[in-house]
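S.K.: If you scroll down you'll find the structure; I have some questions about it.
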Amino acid sequence: LADCTVLLAEDDGEVAAVTDDRVERLPGGRPYSAELVRAHRNTEGGFWVAGAVPEAAHRAVTGVSRTAGARFALMTDGCARLADLFGYSWPRIWRRLESDGPGSLVAWVRAEEESRGVAGGKRHDDATVVAGAFGPQLQPLGTA
């Protein structure tokens, strides 16, 4: 969904980030007006956000990891700011998640927002992370 990123970590250290890019394809190009965004949020031909419209989950981008035991994280756009806004690499973000847990990413993004600010956006966006591993039974690694 437009407000989430999925990280898939491989055993070789590679980390793939998957984000729904439909918001990037709105007509007219950036910067988008508030009216344009409202008109295209959670509509056919627009982009889908889980927030107040549970049906949006049925419109999510889906895929398959072909690696047995693949580890993953799902994070809201507020946490994805670490890469998207503050420029940290996905592998670095993943290493921090694995070593210090999901709460450390939330604390990290909040510290960056305080020290650097957020030009043209919300000072604090929702920041949520859940991590786990695929296998015979889903293994949660933690949530924040």
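Simple scheme: letters A, B, ... for chains in structure tokens order, numbers from 1 for residues in each chain, numbers from 1 for ligands in the order shown.
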From the DSSP assignment of the backbone, select every residue of chain A that is strand (DSSP E), and format the answer as JSON, numbers by chain.
M.R.: {"A": [4, 5, 6, 7, 8, 9, 15, 16, 17, 18, 19, 71, 72, 73, 74, 75, 76, 129, 130, 131, 132, 133, 139, 140, 141, 142, 143]}
S.K.: Using DSSP on the backbone coordinates, identify the residues of chain A assigned to alpha helix (DSSP H); present them as a PyMOL selection string.
M.R.: chain A and resi 34-40+77-84+90-100+102-116
S.K.: Please save N, CA and C atoms of the selected residues as a compact mmCIF listing (two decimals), in the first residue's frame.
M.R.:
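Okay, selection10.txt is ready:
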```txt
# COMPACT_ATOMS: atom_id res chain seq x y z
N ALA A 34 -3.21 19.22 -2.55
CA ALA A 34 -3.99 18.45 -1.57
C ALA A 34 -5.27 17.94 -2.21
N GLU A 35 -5.86 18.73 -3.08
CA GLU A 35 -7.10 18.31 -3.74
C GLU A 35 -6.88 17.10 -4.64
N LEU A 36 -5.77 17.12 -5.38
CA LEU A 36 -5.47 16.01 -6.27
C LEU A 36 -5.25 14.73 -5.47
N VAL A 37 -4.52 14.82 -4.39
CA VAL A 37 -4.25 13.65 -3.55
C VAL A 37 -5.56 13.11 -2.98
N ARG A 38 -6.38 13.99 -2.44
CA ARG A 38 -7.67 13.54 -1.88
C ARG A 38 -8.53 12.85 -2.95
N ALA A 39 -8.52 13.41 -4.15
CA ALA A 39 -9.36 12.86 -5.23
C ALA A 39 -8.90 11.47 -5.69
N HIS A 40 -7.62 11.14 -5.49
CA HIS A 40 -7.08 9.87 -5.98
C HIS A 40 -6.81 8.86 -4.87
N ASP A 77 5.21 4.37 6.23
CA ASP A 77 6.02 5.41 5.59
C ASP A 77 6.76 6.27 6.61
N GLY A 78 6.24 6.40 7.81
CA GLY A 78 6.94 7.18 8.83
C GLY A 78 8.28 6.58 9.19
N CYS A 79 8.39 5.26 9.18
CA CYS A 79 9.66 4.59 9.46
C CYS A 79 10.53 4.53 8.20
N ALA A 80 9.88 4.37 7.04
CA ALA A 80 10.63 4.34 5.78
C ALA A 80 11.32 5.67 5.50
N ARG A 81 10.97 6.71 6.25
CA ARG A 81 11.67 8.00 6.11
C ARG A 81 13.17 7.86 6.31
N LEU A 82 13.58 6.85 7.08
CA LEU A 82 15.02 6.65 7.29
C LEU A 82 15.75 6.55 5.96
N ALA A 83 15.15 5.88 4.98
CA ALA A 83 15.76 5.78 3.64
C ALA A 83 15.25 6.88 2.73
N ASP A 84 13.93 7.03 2.66
CA ASP A 84 13.32 7.91 1.67
C ASP A 84 13.62 9.38 1.90
N TRP A 90 18.94 0.72 2.79
CA TRP A 90 18.09 -0.34 3.32
C TRP A 90 18.91 -1.41 4.05
N PRO A 91 20.09 -1.81 3.55
CA PRO A 91 20.88 -2.78 4.32
C PRO A 91 21.26 -2.26 5.71
N ARG A 92 21.60 -0.97 5.81
CA ARG A 92 21.94 -0.41 7.13
C ARG A 92 20.72 -0.42 8.05
N ILE A 93 19.56 -0.06 7.50
CA ILE A 93 18.33 -0.07 8.29
C ILE A 93 18.03 -1.50 8.75
N TRP A 94 18.18 -2.46 7.86
CA TRP A 94 17.93 -3.86 8.22
C TRP A 94 18.88 -4.32 9.33
N ARG A 95 20.16 -3.98 9.23
CA ARG A 95 21.13 -4.39 10.26
C ARG A 95 20.73 -3.83 11.62
N ARG A 96 20.29 -2.57 11.64
CA ARG A 96 19.85 -1.96 12.90
C ARG A 96 18.61 -2.68 13.44
N LEU A 97 17.68 -3.00 12.56
CA LEU A 97 16.48 -3.73 12.96
C LEU A 97 16.85 -5.08 13.57
N GLU A 98 17.74 -5.81 12.91
CA GLU A 98 18.13 -7.13 13.42
C GLU A 98 18.89 -7.05 14.73
N SER A 99 19.75 -6.06 14.86
CA SER A 99 20.58 -6.00 16.07
C SER A 99 19.84 -5.40 17.26
N ASP A 100 18.98 -4.40 17.02
CA ASP A 100 18.38 -3.67 18.14
C ASP A 100 16.86 -3.72 18.20
N PRO A 102 12.71 -3.61 16.39
CA PRO A 102 11.86 -2.61 15.73
C PRO A 102 11.78 -1.27 16.47
N GLY A 103 11.74 -1.31 17.78
CA GLY A 103 11.66 -0.05 18.53
C GLY A 103 12.82 0.87 18.26
N SER A 104 14.00 0.29 17.94
CA SER A 104 15.17 1.12 17.66
C SER A 104 14.99 1.92 16.38
N LEU A 105 14.25 1.35 15.39
CA LEU A 105 14.00 2.11 14.15
C LEU A 105 13.08 3.29 14.42
N VAL A 106 12.06 3.07 15.24
CA VAL A 106 11.15 4.16 15.57
C VAL A 106 11.92 5.26 16.31
N ALA A 107 12.73 4.88 17.28
CA ALA A 107 13.53 5.87 18.01
C ALA A 107 14.49 6.60 17.07
N TRP A 108 15.09 5.87 16.14
CA TRP A 108 16.03 6.45 15.18
C TRP A 108 15.34 7.48 14.30
N VAL A 109 14.18 7.13 13.74
CA VAL A 109 13.49 8.08 12.87
C VAL A 109 13.04 9.31 13.64
N ARG A 110 12.59 9.13 14.88
CA ARG A 110 12.19 10.29 15.70
C ARG A 110 13.37 11.20 15.98
N ALA A 111 14.53 10.62 16.24
CA ALA A 111 15.73 11.44 16.48
C ALA A 111 16.12 12.21 15.22
N GLU A 112 16.01 11.56 14.05
CA GLU A 112 16.32 12.25 12.78
C GLU A 112 15.33 13.38 12.52
N GLU A 113 14.06 13.15 12.78
CA GLU A 113 13.05 14.20 12.59
C GLU A 113 13.35 15.40 13.49
N GLU A 114 13.75 15.12 14.71
CA GLU A 114 14.06 16.22 15.65
C GLU A 114 15.30 16.99 15.23
N SER A 115 16.36 16.27 14.83
CA SER A 115 17.62 16.94 14.53
C SER A 115 17.66 17.57 13.14
N ARG A 116 17.01 16.95 12.16
CA ARG A 116 17.07 17.45 10.79
C ARG A 116 15.82 18.19 10.34
```
S.K.: Need to verify the contact set: Thr19 (chain A), 10 Å, only C-alpha atoms, exclusion of same-chain residues closer than 2 positions in sequence. Can you return it as a list in words?
M.R.: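 Returned residues: Leu1, Ala2, Asp3, Cys4, Thr5, Val6, Leu7, Ala16, Ala17, Asp21, Arg22, Ala60, Val61, Asp77 and Ala80 of chain A.
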S.K.: Would you mind telling me which residue in A:Gly45, A:Gly101, A:Gly117, A:Gly87 lies nearest to Val23 (chain A) when using only C-alpha atoms?
M.R.: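 Closest to Val23 (chain A) of all the choices is A:Gly45.
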S.K.: Which of these, A:Arg25, A:Val18, A:Arg30, A:Gly51, has the shortest distance to Val64 (chain A) once you count only C-alpha atoms?
M.R.: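 Among A:Arg25, A:Val18, A:Arg30, A:Gly51, it is A:Val18 that comes nearest to Val64 (chain A).
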S.K.: With distances taken over only C-alpha atoms, which residue among A:Pro27, A:Asp20, A:Thr128, A:Ala73 lies nearest Arg59 (chain A)?
M.R.: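 For Arg59 (chain A), the nearest of the given residues is A:Asp20.
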S.K.: Hey, which of A:Ala119, A:Tyr88, A:Tyr32, A:Leu26 ends up closest to Glu44 (chain A)? Count only C-alpha atoms.
M.R.: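 So, comparing all the options, the nearest one is A:Leu26.
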S.K.: Using CA of Ala127 (chain A) and CA of Leu74 (chain A) as the two end points, give the distance in Å to one decimal.
M.R.: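 Going from CA of Ala127 (chain A) over to CA of Leu74 (chain A) covers 10.8 Å.
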S.K.: For CA of Phe72 (chain A) and CA of Val129 (chain A), quote the distance in Å rounded to one decimal.
M.R.: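 Pair CA of Phe72 (chain A) / CA of Val129 (chain A) returns 10.4 Å.
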S.K.: Check the smallest atom-to-atom distance from each of A:Glu14, A:Asp125, A:Glu24, A:Glu55 to Ser89 (chain A) using only C-alpha atoms, then report the winner.
M.R.: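 Selected residue with least distance to Ser89 (chain A): A:Glu14.
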